[in-house]
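Student: Sharing work_20.txt here; it has compact mmCIF, C-alpha atoms.
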# COMPACT_ATOMS: atom_id res chain seq x y z
CA MET L 138 121.59 39.91 201.70
CA ARG L 139 122.58 41.42 198.33
CA THR L 140 120.00 41.03 195.55
CA PRO L 141 121.52 39.31 192.50
CA LEU L 142 121.92 41.58 189.51
CA SER L 143 119.44 40.77 186.75
CA VAL L 144 119.55 42.52 183.36
CA VAL L 145 117.49 41.83 180.25
CA ILE L 146 118.92 42.91 176.88
CA GLY L 147 116.89 43.34 173.71
CA ALA L 148 118.97 42.66 170.59
CA GLY L 149 118.24 40.84 167.39
CA GLY L 150 118.06 40.55 163.65
CA THR L 151 121.69 40.87 162.62
CA GLY L 152 125.10 40.39 164.18
CA GLY L 153 125.52 44.17 164.24
CA HIS L 154 123.04 44.35 167.13
CA ILE L 155 123.60 40.93 168.70
CA TYR L 156 127.39 40.97 169.10
CA PRO L 157 127.45 44.34 170.92
CA GLY L 158 124.73 42.96 173.20
CA LEU L 159 126.86 39.91 173.91
CA ALA L 160 129.85 42.16 174.59
CA LEU L 161 127.76 44.07 177.15
CA ALA L 162 126.59 40.81 178.74
CA ASP L 163 130.19 39.61 179.06
CA ALA L 164 131.22 42.93 180.61
CA LEU L 165 128.41 42.70 183.16
CA ARG L 166 129.54 39.18 184.06
CA ARG L 167 133.12 40.42 184.47
CA ALA L 168 131.94 43.16 186.83
CA VAL L 169 129.42 40.99 188.70
CA PRO L 170 130.23 37.29 188.21
CA ASP L 171 126.87 36.09 189.55
CA ALA L 172 124.85 38.46 187.36
CA VAL L 173 121.83 36.97 185.61
CA VAL L 174 121.82 38.29 182.04
CA SER L 175 119.27 37.19 179.47
CA PHE L 176 118.15 38.38 176.05
CA VAL L 177 114.93 39.13 174.22
CA GLY L 178 114.68 38.44 170.49
CA THR L 179 112.39 36.89 167.91
CA GLU L 180 112.30 33.52 166.19
CA ARG L 181 113.50 35.02 162.89
CA GLY L 182 116.89 36.57 163.51
CA LEU L 183 120.42 35.33 164.07
CA GLU L 184 119.83 35.64 167.81
CA THR L 185 118.26 32.18 167.85
CA ARG L 186 121.71 30.74 167.11
CA LEU L 187 124.23 33.28 168.38
CA ILE L 188 122.83 33.99 171.84
CA PRO L 189 122.37 30.39 173.09
CA GLN L 190 125.73 29.55 171.49
CA ALA L 191 127.31 32.24 173.69
CA GLY L 192 125.76 30.68 176.79
CA TYR L 193 122.93 33.16 177.44
CA ARG L 194 119.20 32.53 177.69
CA LEU L 195 117.03 33.87 174.88
CA HIS L 196 113.37 34.79 175.40
CA THR L 197 111.38 35.27 172.21
CA VAL L 198 108.48 37.66 171.62
CA ASP L 199 106.07 38.32 168.75
CA MET L 200 107.34 41.44 167.02
CA ILE L 201 107.35 42.65 163.42
CA PRO L 202 110.00 44.93 161.87
CA PHE L 203 109.75 48.73 161.85
CA ASP L 204 109.73 48.59 158.06
CA PRO L 205 107.69 50.71 155.60
CA SER L 206 108.03 47.94 152.99
CA LEU L 207 105.53 45.88 155.00
CA GLY L 208 102.79 47.72 153.12
CA ALA L 209 99.39 47.42 154.79
CA LYS L 210 100.92 45.24 157.51
CA ARG L 211 102.63 48.33 158.92
CA TYR L 212 99.26 49.31 160.39
CA LEU L 213 99.60 46.25 162.65
CA LEU L 214 102.76 47.70 164.21
CA PRO L 215 101.11 49.51 167.18
CA ALA L 216 99.18 46.38 168.16
CA ALA L 217 102.27 44.20 167.70
CA LEU L 218 104.33 46.58 169.81
CA LEU L 219 101.76 46.59 172.63
CA LYS L 220 101.57 42.78 172.56
CA SER L 221 105.34 42.27 172.52
CA GLY L 222 105.78 45.02 175.13
CA ALA L 223 103.41 43.16 177.45
CA GLN L 224 105.33 39.96 176.77
CA CYS L 225 108.56 41.77 177.72
CA ARG L 226 106.99 43.14 180.89
CA SER L 227 106.18 39.56 181.89
CA ILE L 228 109.75 38.47 181.07
CA LEU L 229 111.23 41.33 183.09
CA ARG L 230 109.11 40.42 186.09
CA THR L 231 109.88 36.71 185.81
CA GLN L 232 113.60 37.49 185.58
CA GLU L 233 113.30 39.96 188.48
CA ALA L 234 115.22 42.38 186.28
CA GLN L 235 116.52 45.67 187.64
CA VAL L 236 117.36 47.17 184.23
CA ALA L 237 116.33 46.67 180.60
CA VAL L 238 118.69 47.51 177.75
CA GLY L 239 117.80 47.97 174.07
CA MET L 240 120.75 47.37 171.74
CA GLY L 241 118.88 47.88 168.46
CA GLY L 242 117.04 45.74 165.96
CA TYR L 243 113.28 45.38 166.24
CA PRO L 244 113.40 43.29 169.47
CA SER L 245 114.90 46.36 171.13
CA ALA L 246 111.74 48.48 171.20
CA PRO L 247 109.48 45.96 173.00
CA VAL L 248 112.05 45.62 175.79
CA ILE L 249 112.00 49.37 176.41
CA VAL L 250 108.20 49.43 176.18
CA GLY L 251 108.04 46.52 178.64
CA ALA L 252 110.36 48.34 181.04
CA ARG L 253 108.15 51.41 180.85
CA MET L 254 105.09 49.24 181.64
CA ALA L 255 106.92 47.59 184.56
CA GLY L 256 108.28 50.86 185.95
CA LEU L 257 111.89 49.76 185.51
CA PRO L 258 114.85 51.89 184.42
CA SER L 259 116.03 51.32 180.88
CA LEU L 260 118.82 52.31 178.53
CA VAL L 261 119.12 52.43 174.74
CA HIS L 262 122.40 51.95 172.91
CA GLU L 263 122.45 53.18 169.31
CA SER L 264 125.11 51.50 167.21
CA ASN L 265 124.77 53.27 163.86
CA ALA L 266 125.74 56.74 162.70
CA VAL L 267 122.08 57.15 161.72
CA PRO L 268 119.71 55.46 164.21
CA GLY L 269 117.39 52.66 163.20
CA ARG L 270 113.61 53.05 163.43
CA ALA L 271 113.26 50.84 166.52
CA ASN L 272 115.76 52.85 168.53
CA LYS L 273 114.39 56.18 167.30
CA PHE L 274 111.11 55.13 168.87
CA ALA L 275 112.63 53.54 171.98
CA ALA L 276 114.80 56.59 172.71
CA ARG L 277 111.62 58.60 173.32
CA LEU L 278 110.72 56.28 176.22
CA THR L 279 113.90 56.53 178.28
CA PRO L 280 116.17 59.35 179.44
CA HIS L 281 119.22 57.10 179.20
CA ILE L 282 120.81 56.95 175.74
CA ALA L 283 124.31 55.79 174.76
CA LEU L 284 125.87 56.13 171.32
CA ALA L 285 128.52 54.29 169.35
CA PHE L 286 129.18 57.29 167.08
CA ASP L 287 128.73 60.91 168.10
CA ARG L 288 127.23 61.89 164.75
CA SER L 289 124.04 59.91 165.49
CA ARG L 290 123.16 62.40 168.23
CA ALA L 291 121.53 64.79 165.78
CA HIS L 292 119.12 62.11 164.56
CA LEU L 293 117.62 61.14 167.94
CA ALA L 294 114.93 62.83 169.97
CA GLY L 295 116.70 63.61 173.23
CA GLY L 296 120.08 63.26 171.53
CA GLU L 297 121.41 66.19 173.55
CA ARG L 298 121.32 64.02 176.68
CA ALA L 299 123.03 61.05 175.00
CA GLU L 300 126.58 60.01 175.81
CA THR L 301 129.00 58.59 173.27
CA VAL L 302 130.55 55.44 174.73
CA GLY L 303 131.60 53.66 171.52
CA MET L 304 130.64 50.27 170.13
CA PRO L 305 130.95 47.29 172.51
CA LEU L 306 133.26 44.74 170.88
CA VAL L 307 133.27 41.02 171.58
CA GLY L 308 136.27 39.13 172.93
CA PRO L 309 139.71 39.45 171.36
CA LEU L 310 138.80 42.20 168.87
CA ALA L 311 138.73 44.79 171.65
CA SER L 312 142.43 44.25 172.36
CA LEU L 313 143.69 42.92 169.03
CA ASP L 314 147.30 43.75 168.14
CA ARG L 315 147.44 42.92 164.43
CA THR L 316 151.21 43.17 164.24
CA ALA L 317 151.82 40.80 167.17
CA LEU L 318 149.36 38.22 165.86
CA ARG L 319 150.16 38.54 162.15
CA GLU L 320 152.74 35.77 161.75
CA ARG L 321 150.66 33.19 163.60
CA ALA L 322 147.46 34.27 161.82
CA ARG L 323 148.97 33.96 158.36
CA ARG L 324 150.39 30.56 159.23
CA GLU L 325 147.05 29.25 160.53
CA LEU L 326 145.17 30.59 157.49
CA GLY L 327 147.74 29.17 155.09
CA VAL L 328 148.83 32.47 153.54
CA PRO L 329 152.11 31.94 151.61
CA GLU L 330 155.12 33.90 152.80
CA GLY L 331 155.32 37.26 151.08
CA ALA L 332 151.79 37.12 149.66
CA ARG L 333 149.33 39.91 150.37
CA LEU L 334 145.87 38.92 151.57
CA VAL L 335 142.54 40.59 150.79
CA LEU L 336 139.70 39.66 153.14
CA VAL L 337 136.25 39.96 151.53
CA ASN L 338 133.72 39.97 154.34
CA GLY L 339 130.04 40.05 153.48
CA GLY L 340 128.89 40.02 157.12
CA SER L 341 126.91 37.43 159.07
CA LEU L 342 124.93 36.18 156.07
CA GLY L 343 127.32 37.13 153.29
CA ALA L 344 126.70 39.71 150.56
CA ALA L 345 125.94 38.58 147.01
CA ARG L 346 127.42 41.70 145.41
CA LEU L 347 130.71 41.38 147.27
CA THR L 348 130.97 37.65 146.67
CA GLU L 349 130.27 37.98 142.94
CA SER L 350 132.84 40.76 142.58
CA ALA L 351 135.41 38.82 144.60
CA VAL L 352 134.99 35.74 142.37
CA GLY L 353 135.67 37.94 139.34
CA LEU L 354 138.66 39.51 141.05
CA ALA L 355 140.06 36.06 141.86
CA ALA L 356 139.79 35.12 138.18
CA ARG L 357 141.83 38.20 137.31
CA TYR L 358 144.45 37.29 139.93
CA ARG L 359 144.53 33.56 139.11
CA SER L 360 148.07 33.60 137.70
CA ARG L 361 149.57 35.71 140.47
CA THR L 362 151.62 34.20 143.26
CA ASP L 363 151.83 37.32 145.41
CA LEU L 364 148.10 37.85 146.11
CA ARG L 365 145.45 35.81 147.94
CA LEU L 366 141.75 36.31 148.67
CA LEU L 367 139.75 34.98 151.62
CA ILE L 368 136.03 35.27 150.84
CA LYS L 369 133.43 34.96 153.61
CA THR L 370 130.28 34.00 151.73
CA GLY L 371 127.77 33.03 154.39
CA PRO L 372 126.48 29.44 154.29
CA ALA L 373 123.89 29.85 151.52
CA ALA L 374 126.36 30.93 148.81
CA LEU L 375 129.29 28.70 149.75
CA ASP L 376 128.88 25.80 147.31
CA GLU L 377 128.07 28.00 144.32
CA THR L 378 131.03 30.28 145.09
CA ARG L 379 133.45 27.37 145.32
CA GLU L 380 132.13 25.99 142.02
CA ARG L 381 132.58 29.33 140.29
CA LEU L 382 136.08 29.76 141.69
CA ALA L 383 137.01 26.34 140.35
CA ALA L 384 135.45 27.04 136.95
CA THR L 385 137.21 30.39 136.47
CA GLY L 386 140.59 29.39 137.85
CA GLY L 387 140.13 31.72 140.80
CA ALA L 388 140.49 28.82 143.24
CA ALA L 389 144.25 29.05 142.67
CA VAL L 390 144.34 32.28 144.67
CA ALA L 391 141.06 32.38 146.63
CA GLU L 392 139.39 30.40 149.39
CA ALA L 393 135.66 30.66 150.17
CA VAL L 394 134.44 30.01 153.72
CA PRO L 395 130.93 30.18 155.21
CA TYR L 396 131.98 31.74 158.53
CA LEU L 397 135.04 33.14 160.23
CA ASP L 398 134.93 32.10 163.86
CA ARG L 399 138.26 33.83 164.50
CA MET L 400 137.88 37.30 163.05
CA ASP L 401 140.95 38.35 165.00
CA LEU L 402 143.07 35.93 162.95
CA ALA L 403 141.47 37.06 159.70
CA TYR L 404 142.08 40.75 160.45
CA ALA L 405 145.65 40.10 161.60
CA ALA L 406 146.50 38.11 158.47
CA ALA L 407 144.89 40.52 155.99
CA ASP L 408 146.48 43.53 154.33
CA LEU L 409 143.15 44.99 153.19
CA VAL L 410 139.47 44.30 153.86
CA VAL L 411 136.58 44.68 151.42
CA CYS L 412 133.34 44.68 153.38
CA ARG L 413 129.95 46.16 154.17
CA ALA L 414 129.77 49.09 156.58
CA GLY L 415 127.77 47.77 159.49
CA SER L 416 128.38 49.68 162.69
CA ALA L 417 130.20 46.85 164.47
CA THR L 418 132.46 46.31 161.46
CA VAL L 419 133.30 50.02 161.23
CA ALA L 420 134.09 50.11 164.96
CA GLU L 421 136.31 47.03 164.63
CA LEU L 422 138.22 48.52 161.70
CA ALA L 423 138.74 51.80 163.55
CA THR L 424 139.89 50.09 166.74
CA ILE L 425 142.48 47.82 165.12
CA GLY L 426 143.60 50.20 162.35
CA MET L 427 142.52 48.00 159.44
CA PRO L 428 142.56 49.60 155.94
CA ALA L 429 139.34 48.92 154.07
CA VAL L 430 137.25 49.36 150.97
CA LEU L 431 133.73 49.85 152.32
CA VAL L 432 130.68 48.95 150.21
CA PRO L 433 127.60 50.12 152.15
CA TYR L 434 124.48 47.99 151.89
CA PRO L 435 122.23 50.22 149.75
CA HIS L 436 118.92 49.20 151.34
CA ALA L 437 119.86 49.87 154.97
CA PRO L 438 117.22 52.02 156.72
CA GLY L 439 118.13 55.68 156.44
CA ASP L 440 121.14 54.65 154.34
CA HIS L 441 122.89 54.29 157.68
CA GLN L 442 125.71 52.14 156.32
CA THR L 443 126.86 54.98 154.07
CA HIS L 444 126.90 57.28 157.09
CA ASN L 445 128.81 54.62 159.05
CA ALA L 446 131.35 54.31 156.23
CA ARG L 447 131.95 58.05 156.16
CA VAL L 448 133.21 57.88 159.74
CA LEU L 449 136.27 56.14 158.26
CA SER L 450 136.38 57.48 154.71
CA ASP L 451 136.23 61.10 155.90
CA ALA L 452 139.29 60.37 158.04
CA GLY L 453 141.19 58.77 155.16
CA ALA L 454 141.07 55.35 156.79
CA ALA L 455 138.90 53.71 154.13
CA VAL L 456 137.73 54.03 150.55
CA LEU L 457 133.96 54.24 150.06
CA LEU L 458 132.64 52.31 147.04
CA PRO L 459 128.91 52.48 146.21
CA ASP L 460 127.24 49.09 145.87
CA ALA L 461 126.01 49.83 142.35
CA GLU L 462 129.60 50.43 141.20
CA THR L 463 131.02 47.29 142.80
CA THR L 464 132.28 44.96 140.07
CA ALA L 465 135.40 42.86 139.66
CA GLU L 466 136.80 45.52 137.32
CA ARG L 467 136.15 48.37 139.78
CA LEU L 468 137.57 46.38 142.70
CA ASP L 469 140.68 45.60 140.66
CA ALA L 470 141.14 49.31 139.92
CA LEU L 471 140.90 50.15 143.63
CA VAL L 472 142.43 47.16 145.38
CA THR L 473 145.50 46.49 143.24
CA PRO L 474 147.03 50.00 143.60
CA LEU L 475 146.42 49.89 147.35
CA LEU L 476 148.14 46.51 147.70
CA ASP L 477 151.05 47.82 145.64
CA ASP L 478 151.44 50.81 147.99
CA PRO L 479 152.31 49.57 151.51
CA ALA L 480 152.96 53.14 152.67
CA ARG L 481 149.42 54.18 151.81
CA LEU L 482 147.96 51.12 153.52
CA ALA L 483 149.95 51.94 156.64
CA ALA L 484 148.74 55.56 156.53
CA MET L 485 145.13 54.39 156.20
CA GLY L 486 145.56 52.12 159.20
CA GLN L 487 146.87 55.00 161.28
CA ALA L 488 144.23 57.50 160.12
CA ALA L 489 141.28 55.95 161.97
CA ASP L 490 140.32 57.30 165.36
CA PRO L 491 140.01 54.22 167.62
CA GLY L 492 137.78 56.20 169.98
CA THR L 493 136.44 54.32 172.99
CA HIS L 494 135.25 51.19 171.18
CA ALA L 495 137.79 48.96 172.92
CA HIS L 496 136.39 50.00 176.33
CA ALA L 497 132.77 50.57 175.30
CA ALA L 498 131.43 47.33 176.79
CA ASP L 499 132.83 48.23 180.21
CA LEU L 500 131.60 51.82 179.94
CA LEU L 501 128.11 50.64 179.07
CA ALA L 502 128.16 48.01 181.82
CA ALA L 503 129.06 50.72 184.34
CA LYS L 504 126.01 52.70 183.25
CA VAL L 505 123.76 49.65 183.61
CA LEU L 506 125.12 48.94 187.09
CA LYS L 507 124.52 52.54 188.10
CA LEU L 508 120.90 52.35 186.90
CA ALA L 509 120.47 49.11 188.85
CA GLY L 510 121.96 50.68 191.96
CA HIS L 511 124.24 47.69 192.09
CA PRO L 512 127.90 47.86 193.17
CA ALA L 513 130.27 45.98 190.89
CA ALA L 514 132.18 43.11 192.44
CA HIS L 515 135.09 44.18 190.23
CA PRO L 516 135.09 48.00 190.09
CA THR L 517 135.31 49.85 186.80
CA PRO L 518 138.98 50.24 185.81
CA THR L 519 140.49 53.56 186.88
CA HIS L 520 140.97 54.83 183.31
CA LEU L 521 137.22 54.40 182.69
CA ARG L 522 135.77 55.89 185.86
CA GLU L 523 135.40 59.50 184.79
CA THR L 524 133.51 58.65 181.60
CA ALA L 525 131.44 55.91 183.21
The structure given in the file should be rewritten as C-alpha cells.

Tutor:
Amino acid sequence: MRTPLSVVIGAGGTGGHIYPGLALADALRRAVPDAVVSFVGTERGLETRLIPQAGYRLHTVDMIPFDPSLGAKRYLLPAALLKSGAQCRSILRTQEAQVAVGMGGYPSAPVIVGARMAGLPSLVHESNAVPGRANKFAARLTPHIALAFDRSRAHLAGGERAETVGMPLVGPLASLDRTALRERARRELGVPEGARLVLVNGGSLGAARLTESAVGLAARYRSRTDLRLLIKTGPAALDETRERLAATGGAAVAEAVPYLDRMDLAYAAADLVVCRAGSATVAELATIGMPAVLVPYPHAPGDHQTHNARVLSDAGAAVLLPDAETTAERLDALVTPLLDDPARLAAMGQAADPGTHAHAADLLAAKVLKLAGHPAAHPTPTHLRETA
C-alpha cells in the first residue's frame, strides 16, 4: 500500500514568503491529489490569515525574528531556535512528514532544524536576490537549495550546489495574458475607455511612503480625464487615504482599496505599476511583462529589495526610485512621461526576462517529490522534466 505523501512547509511573516509556499502546496496537490500538506508559522505574521484561508493547516511555533534590532533579546535566539526546532520535530513526526521545506521568513529556520533533528530530508527555497538571515542559516543545514534569482547564489553558503528554479507564483498570475484579459479587467475595475491606469501597490500591508505620494499625485491629476490611479493601501491606512483623496480633489481620479483579491485583473488593467520590490512582486512583473517604477523598502535586511529591483531595472524593464526620493513631485516627473510614451512602456514590458517563474512551483514540487521518494500521480510536464 502506497504511503500518503506528507510535506510540511515553513513560511511566514509576509506575503512574499507565504504566497510562494502556497503555490508549492498547490503544485504538490496537483501532482499528488491526496497529498497532506501543512504549514509552520508563528502567531504574528500574515500566515495566520492567509494559510487557513487557502485551505491548509497551520501549525504555530514559538520563534523570534533573526533581527539585530532586537538588541539584547538577540542573545535569546539560539535558545528560541532550539525550542522551536524541537516543536517542529514534533510536528513533523505527528504529520508523518517525508520532507520539510523552508520558504523563508523566520518560521523557515525552525522547520529545517526540526527536520535535521528528525533525520528527514529538507529543502530551502530562497526567494530574494540577497538571502534573508533565516535562510542563510537554514541553508547550512541542508544540501538541497533552490533559488528564485540566480544572483543570490553568491550570498549563500553552499550556493554552488543551489539550483535556480524561479519564484513559485500563485494561481492565475503564472499564466496571465495581460492583453487577453485587459478589456474585461478594465471594465470590472471601472476604468474609463481611453484612460491610462497607474496601479500603486504597497504590498500586503500597504506602504505609507507610496500611499502618501500617490495621494499627492492624484491631487495633481485631479482635473485630468485621461488618467486614473488605483491605490492599494492595506487596511490600516484605508480610511485616512480616502479622506485625504476627498479633501484634495484626488478622489476624482483615484480609488483607494485595502486589498486586491484579483491581482491578475489589476495587472491586466494597468498601464504602469508603482510598487515595492519584494521578490514575489518582481517575479510577477517579469513573468507578465509589466512596466514598473520600483521603490525598494529601505529597511529590508541586506537591502535585498534594492537587489531584487535591479533584476528588472538592469534589464530596462523598470525604473528604480529610492524610497527617500519618493514624493508626489518625483513620481509625477517619472510617471507622466512614461504614460505619455506608449512605445517606451511596451519596450519595458518586453525587456524583462520571464525566466522560469511561471513553472517554478511545478519544478520545486518535482524536487520535493524526488526527496520524498514519491512518484507523482500526475507526472511532471515534459517541458519541465530535464530541469526538475

Student: Could you tell me how far CA of Ala276 (chain L) sits from CA of Gly295 (chain L), in Å to one decimal place?

Tutor: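 Going from CA of Gly295 (chain L) over to CA of Ala276 (chain L), I get 7.3 Å.
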
Student: Show me, as a list in words, the residues that have an atom within 8 Å of region 288-291 of chain L when counting all atoms listed in the file, minus same-chain residues fewer than 5 positions from it.

Tutor: Glu263, Asn265, Ala266, Val267, Pro268, Gly296, Glu297 and Ala299 of chain L

Student: Can I get the selected residues back with C-alpha atoms, as a JSON list (two decimals), in the coordinates of the input?

Tutor:
[["chain", "number", "residue", "atom", "x", "y", "z"],
["L", 263, "GLU", "CA", 122.45, 53.18, 169.31],
["L", 265, "ASN", "CA", 124.77, 53.27, 163.86],
["L", 266, "ALA", "CA", 125.74, 56.74, 162.70],
["L", 267, "VAL", "CA", 122.08, 57.15, 161.72],
["L", 268, "PRO", "CA", 119.71, 55.46, 164.21],
["L", 296, "GLY", "CA", 120.08, 63.26, 171.53],
["L", 297, "GLU", "CA", 121.41, 66.19, 173.55],
["L", 299, "ALA", "CA", 123.03, 61.05, 175.00]]

Student: Closest to Pro244 (chain L) among L:Pro258, L:Gly149, L:Gly331, L:Gly222, using only C-alpha atoms?

Tutor: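 Using only C-alpha atoms, Pro244 (chain L) sits closest to L:Gly149.
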
Student: Check the smallest atom-to-atom distance from each of L:Val352, L:Ala405, L:Ala252, L:Leu219 to Asp469 (chain L) using all atoms listed in the file, then report the winner.

Tutor: L:Val352

Student: Counting only C-alpha atoms, select every polymer residue within 9 Å of (121.0, 53.0, 169.0) as defined in the file's coordinates, and provide the selection as a PDB file with C-alpha atoms, in the frame of the given file.

Tutor:
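Dumped to result21.pdb:
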ATOM      1  CA  GLY L 239     117.800  47.970 174.070  1.00  0.00           C
ATOM      2  CA  MET L 240     120.750  47.370 171.740  1.00  0.00           C
ATOM      3  CA  GLY L 241     118.880  47.880 168.460  1.00  0.00           C
ATOM      4  CA  GLY L 242     117.040  45.740 165.960  1.00  0.00           C
ATOM      5  CA  VAL L 261     119.120  52.430 174.740  1.00  0.00           C
ATOM      6  CA  HIS L 262     122.400  51.950 172.910  1.00  0.00           C
ATOM      7  CA  GLU L 263     122.450  53.180 169.310  1.00  0.00           C
ATOM      8  CA  SER L 264     125.110  51.500 167.210  1.00  0.00           C
ATOM      9  CA  ASN L 265     124.770  53.270 163.860  1.00  0.00           C
ATOM     10  CA  ALA L 266     125.740  56.740 162.700  1.00  0.00           C
ATOM     11  CA  VAL L 267     122.080  57.150 161.720  1.00  0.00           C
ATOM     12  CA  PRO L 268     119.710  55.460 164.210  1.00  0.00           C
ATOM     13  CA  GLY L 269     117.390  52.660 163.200  1.00  0.00           C
ATOM     14  CA  ALA L 271     113.260  50.840 166.520  1.00  0.00           C
ATOM     15  CA  ASN L 272     115.760  52.850 168.530  1.00  0.00           C
ATOM     16  CA  LYS L 273     114.390  56.180 167.300  1.00  0.00           C
ATOM     17  CA  ALA L 275     112.630  53.540 171.980  1.00  0.00           C
ATOM     18  CA  ALA L 276     114.800  56.590 172.710  1.00  0.00           C
ATOM     19  CA  ILE L 282     120.810  56.950 175.740  1.00  0.00           C
ATOM     20  CA  ALA L 283     124.310  55.790 174.760  1.00  0.00           C
ATOM     21  CA  LEU L 284     125.870  56.130 171.320  1.00  0.00           C
ATOM     22  CA  ALA L 285     128.520  54.290 169.350  1.00  0.00           C
ATOM     23  CA  SER L 289     124.040  59.910 165.490  1.00  0.00           C
ATOM     24  CA  LEU L 293     117.620  61.140 167.940  1.00  0.00           C
TER      25      LEU L 293
END

Student: Quick one, how far is CA of Ser143 (chain L) from CA of His281 (chain L)?

Tutor: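 Atom-to-atom, CA of Ser143 (chain L) to CA of His281 (chain L), that is 18.0 Å.
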
Student: Every residue with an atom at most 12 Å from (134.6, 26.6, 146.7) (file coordinates; only C-alpha atoms) is what I'm after, so could you write them as an MDAnalysis selection string?

Tutor: chainID L and resid 348 352 355 367:370 372 374:395

Student: Mind pulling up the distance from CA of Leu334 (chain L) to CA of Leu364 (chain L)?

Tutor: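 So the two atoms, CA of Leu364 (chain L) and CA of Leu334 (chain L), lie 6.0 Å apart.
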
Student: Restricting the calculation to all atoms listed in the file: of L:Asp363, L:Arg315, L:Asp199, L:Ala417, which residue gets closest to Ile155 (chain L)?

Tutor: L:Ala417

Student: Point out the residue among L:Leu449, L:Leu260, L:Val145, L:Leu161 with the least atom-to-atom distance to Ser227 (chain L), counting all atoms listed in the file.

Tutor: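 Under the stated criterion, the closest residue is L:Val145.
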
Student: Rank L:Val144, L:Cys412, L:Ala403, L:Ala216 by their smallest atom-to-atom distance to Leu431 (chain L), using all atoms listed in the file, and report the top residue only.

Tutor: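 Ranking L:Val144, L:Cys412, L:Ala403, L:Ala216 by distance to Leu431 (chain L), first place goes to L:Cys412.
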
Student: Nearest residue to Val411 (chain L) out of L:Val448, L:Ala344, L:Ile425, L:Leu310, using all atoms listed in the file?

Tutor: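 Ranking L:Val448, L:Ala344, L:Ile425, L:Leu310 by distance to Val411 (chain L), first place goes to L:Ala344.
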
Student: What lies within 10 Å of Phe274 (chain L) using only C-alpha atoms, ignoring chain neighbours under 5 positions off, as a PyMOL selection string?

Tutor: chain L and resi 203+245-246+249-250+268-269+279+293-294
